[in-house]
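A.B. asks: Sending over a structure as structure tokens; questions will come in a sec.
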Amino acid sequence: MRALILSDIHGNLEALNAVLEAAGSYDVLWNLGDVVGYGASPNETVERIRSLAQMNVRGNHDRVCCGLASAVGFNPVARAAAMWTQKEMSEVNRAWLAAVPQGPLHPEGFPGIVLAHGSPLNEDQYILTMRDAWGPLQQSGTLITFIGHTHLQGGFCQHSEEWHELHPRYETPNEVESWVLDLTQGTRYLINPGSVGQPRDHDWRAAFAIYDSEAESITFHRVPYDLTAAQGRILMAELPEKLALRLREGR
Ligand code: ZN
């Protein structure tokens, strides 16, 4: 079984389209949350994910954009984008988003796999460092926990006393690239596929991952997309300019 894992699409339709095209065939699609917020195509991204994903975890932006939570705690740019998204989304899409469950979720037919937005222990927690990863890895009875939220592709793993950070290695700034992680028996993993629509690891290309349960591997991918079109939509929608500019920087 091949699972396509997407996170933090953030209303970036151009990035989502490029990812779906590059992903090739897969058996299931898991969405780790934040389908909307920041980008200018919330309806289109929700509709594509609604029709394609078998499992969805809600993200903190999803929660605010569909009106389940207030934007208190969001910075002014994120708040402005969330308010715009809330108005822009159709009633059907808003209702769908509001019904997306909080993680952690356990996909059927994949024992040992957990899906979460932030941490499996707290949906709003950012797992940025080994210190952040410690608790979830220690307490998890699962083999692989897929997380999003930080918009940083990679992850952490633990095998008895050994701890490692995982950073995919790429060679070019603008091409389609992938990096394979072979999974080891007895190791527990926290894996972030990266952000489809607003990467923050200084790589502007859309990020995603594919988990292959037979090959026992996770392949991280980066794919260029029509950046100018995504930026143009943000500017035309009169969303904060910063949201268009940061896409080029990948941060
Ligand atoms: Zn996000």
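Ordering of the structure tokens sets the chain letters (A, B, ...); residue numbers start at 1 within each chain; ligands are numbered from 1 in the order shown.
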Extract the full set of strand (DSSP E or B) residues from stretch 105-195 of chain A according to DSSP on the backbone, and format it as a ChimeraX atom specification.
C.D. replies: /A:105,113-115,144-146,154-159,162-166,177-182,188-192
A.B. asks: Would you mind writing down, as JSON, numbers by chain, each residue of stretch 48-104 of chain A that DSSP on the backbone assigns to helix (DSSP H, G or I)?
C.D. replies: {"A": [48, 49, 50, 51, 52, 60, 61, 62, 63, 64, 65, 76, 77, 78, 79, 80, 81, 82, 83, 84, 85, 86, 87, 88, 91, 92, 93, 94, 95, 96, 97, 98]}
A.B. asks: Could you check the closest approach to A:Ser90 for each of A:Cys65, A:Ile9, A:Ala53, A:Leu235 and tell me which residue wins, using only C-alpha atoms?
C.D. replies: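 Of A:Cys65, A:Ile9, A:Ala53, A:Leu235, the one nearest A:Ser90, counting only C-alpha atoms, is A:Cys65.
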A.B. asks: Calculated over only C-alpha atoms, which of the candidates A:Pro76, A:Met89, A:Val100, A:Ala23 has the smallest distance to A:Arg50?
C.D. replies: A:Val100
A.B. asks: Restricting the calculation to only C-alpha atoms, which member of A:Leu181, A:Asp124, A:Asn192, A:Gly232 is positioned closest to A:Gly155?
C.D. replies: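 Comparing A:Leu181, A:Asp124, A:Asn192, A:Gly232 against A:Gly155, the winner is A:Asn192.
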A.B. asks: Skip A:Cys157 itself and residues of its chain fewer than 6 positions away, then list as a PyMOL selection string all residues within 6 Å of it, counting only C-alpha atoms.
C.D. replies: chain A and resi 163-164+188-189
A.B. asks: Env of A:Ala209: 7 Å cut, atoms = only C-alpha atoms, seq-sep filter 2 positions within chain, self excluded. Answer as a list in words.
C.D. replies: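 The filter keeps Leu4, Ile5, Leu6, Pro193, Tyr211, Ile218, Thr219, Phe220 and His221 of chain A.
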A.B. asks: What do you get as a PyMOL selection string if you pick all residues at most 10 Å from ligand 1, counting only C-alpha atoms and all ligand atoms?
C.D. replies: chain A and resi 7-10+32-38+59-62+117-118+148-151+194-200
A.B. asks: For A:Thr145, which of A:Gly39, A:Pro120, A:Gly24, A:Gly186 is the closest residue, counting only C-alpha atoms?
C.D. replies: A:Pro120
A.B. asks: Quick one: residues within 12 Å of A:Thr172, only C-alpha atoms counted, chain neighbours fewer than 2 positions away excluded, as a list in words?
C.D. replies: Arg169, Tyr170, Asn174, Glu175, Val176, Glu177, Ser178, Asp203, Trp204, Arg205, Arg222, Val223 and Pro224 of chain A
A.B. asks: Just how far from atom CA of A:Phe156 is atom CA of A:Met130, in Å to one decimal?
C.D. replies: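 If I compute the distance from atom CA of A:Met130 to atom CA of A:Phe156, I get 7.1 Å.
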A.B. asks: My list of candidates is A:Ala80, A:Leu52, A:Val57, A:Glu14. Which is closest to A:Leu239 when distances are computed with only C-alpha atoms?
C.D. replies: A:Ala80
A.B. asks: Quick one: everything within 9 Å of A:Asp27, counting only C-alpha atoms, minus sequence neighbours fewer than 3 positions away in the same chain. Send it as a list in words.
C.D. replies: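 Listing them by chain and then by number gives Met1, Arg2, Ala3 and Leu4 of chain A.
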A.B. asks: Any chance you can output those residues with N, CA, C and O atoms as a PDB file, in the first residue's frame?
C.D. replies:
ATOM      1  N   MET A   1       0.835  -1.200   0.000  1.00  0.00           N
ATOM      2  CA  MET A   1       0.000   0.000   0.000  1.00  0.00           C
ATOM      3  C   MET A   1       0.869   1.250   0.000  1.00  0.00           C
ATOM      4  O   MET A   1       1.816   1.352   0.768  1.00  0.00           O
ATOM      5  N   ARG A   2       0.488   2.151  -0.859  1.00  0.00           N
ATOM      6  CA  ARG A   2       1.203   3.441  -0.907  1.00  0.00           C
ATOM      7  C   ARG A   2       0.277   4.533  -0.401  1.00  0.00           C
ATOM      8  O   ARG A   2      -0.822   4.719  -0.933  1.00  0.00           O
ATOM      9  N   ALA A   3       0.718   5.223   0.635  1.00  0.00           N
ATOM     10  CA  ALA A   3      -0.068   6.322   1.191  1.00  0.00           C
ATOM     11  C   ALA A   3       0.605   7.649   0.842  1.00  0.00           C
ATOM     12  O   ALA A   3       1.791   7.844   1.130  1.00  0.00           O
ATOM     13  N   LEU A   4      -0.175   8.512   0.205  1.00  0.00           N
ATOM     14  CA  LEU A   4       0.313   9.860  -0.102  1.00  0.00           C
ATOM     15  C   LEU A   4      -0.030  10.738   1.098  1.00  0.00           C
ATOM     16  O   LEU A   4      -1.184  10.791   1.523  1.00  0.00           O
TER      17      LEU A   4
END
A.B. asks: Can you measure atom CA of A:Gln86 to atom CA of A:Arg233 for me? One decimal in Å is fine.
C.D. replies: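 About the pair atom CA of A:Gln86 and atom CA of A:Arg233: they are 16.6 Å apart.
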A.B. asks: Could you tell me which of A:Thr184, A:Ser213, A:Thr85, A:Gln102 comes closest to A:Ala237 if we count only C-alpha atoms?
C.D. replies: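 Closest to A:Ala237 of all the choices is A:Thr85.
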A.B. asks: Need the shell around A:Pro168: protein/DNA/RNA residues with any atom at most 8 Å away, counting only C-alpha atoms. Skip same-chain ones fewer than 6 positions apart. Format as a PDB file with N, CA and C atoms, in the first residue's frame?
C.D. replies:
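File produced: around03.pdb:
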ATOM      1  N   GLN A 153      10.063  19.872   6.488  1.00  0.00           N
ATOM      2  CA  GLN A 153      10.074  18.474   6.063  1.00  0.00           C
ATOM      3  C   GLN A 153      11.188  17.707   6.780  1.00  0.00           C
ATOM      4  N   GLY A 154      10.868  16.498   7.216  1.00  0.00           N
ATOM      5  CA  GLY A 154      11.883  15.668   7.879  1.00  0.00           C
ATOM      6  C   GLY A 154      11.286  14.952   9.065  1.00  0.00           C
ATOM      7  N   TRP A 179      13.895  11.939  -1.856  1.00  0.00           N
ATOM      8  CA  TRP A 179      14.884  11.379  -0.927  1.00  0.00           C
ATOM      9  C   TRP A 179      14.225  10.244  -0.153  1.00  0.00           C
ATOM     10  N   VAL A 180      14.852   9.067  -0.224  1.00  0.00           N
ATOM     11  CA  VAL A 180      14.225   7.874   0.363  1.00  0.00           C
ATOM     12  C   VAL A 180      14.772   7.591   1.753  1.00  0.00           C
ATOM     13  N   PHE A 220      10.471  11.251   0.654  1.00  0.00           N
ATOM     14  CA  PHE A 220      10.175  12.683   0.724  1.00  0.00           C
ATOM     15  C   PHE A 220      10.349  13.272  -0.675  1.00  0.00           C
TER      16      PHE A 220
END
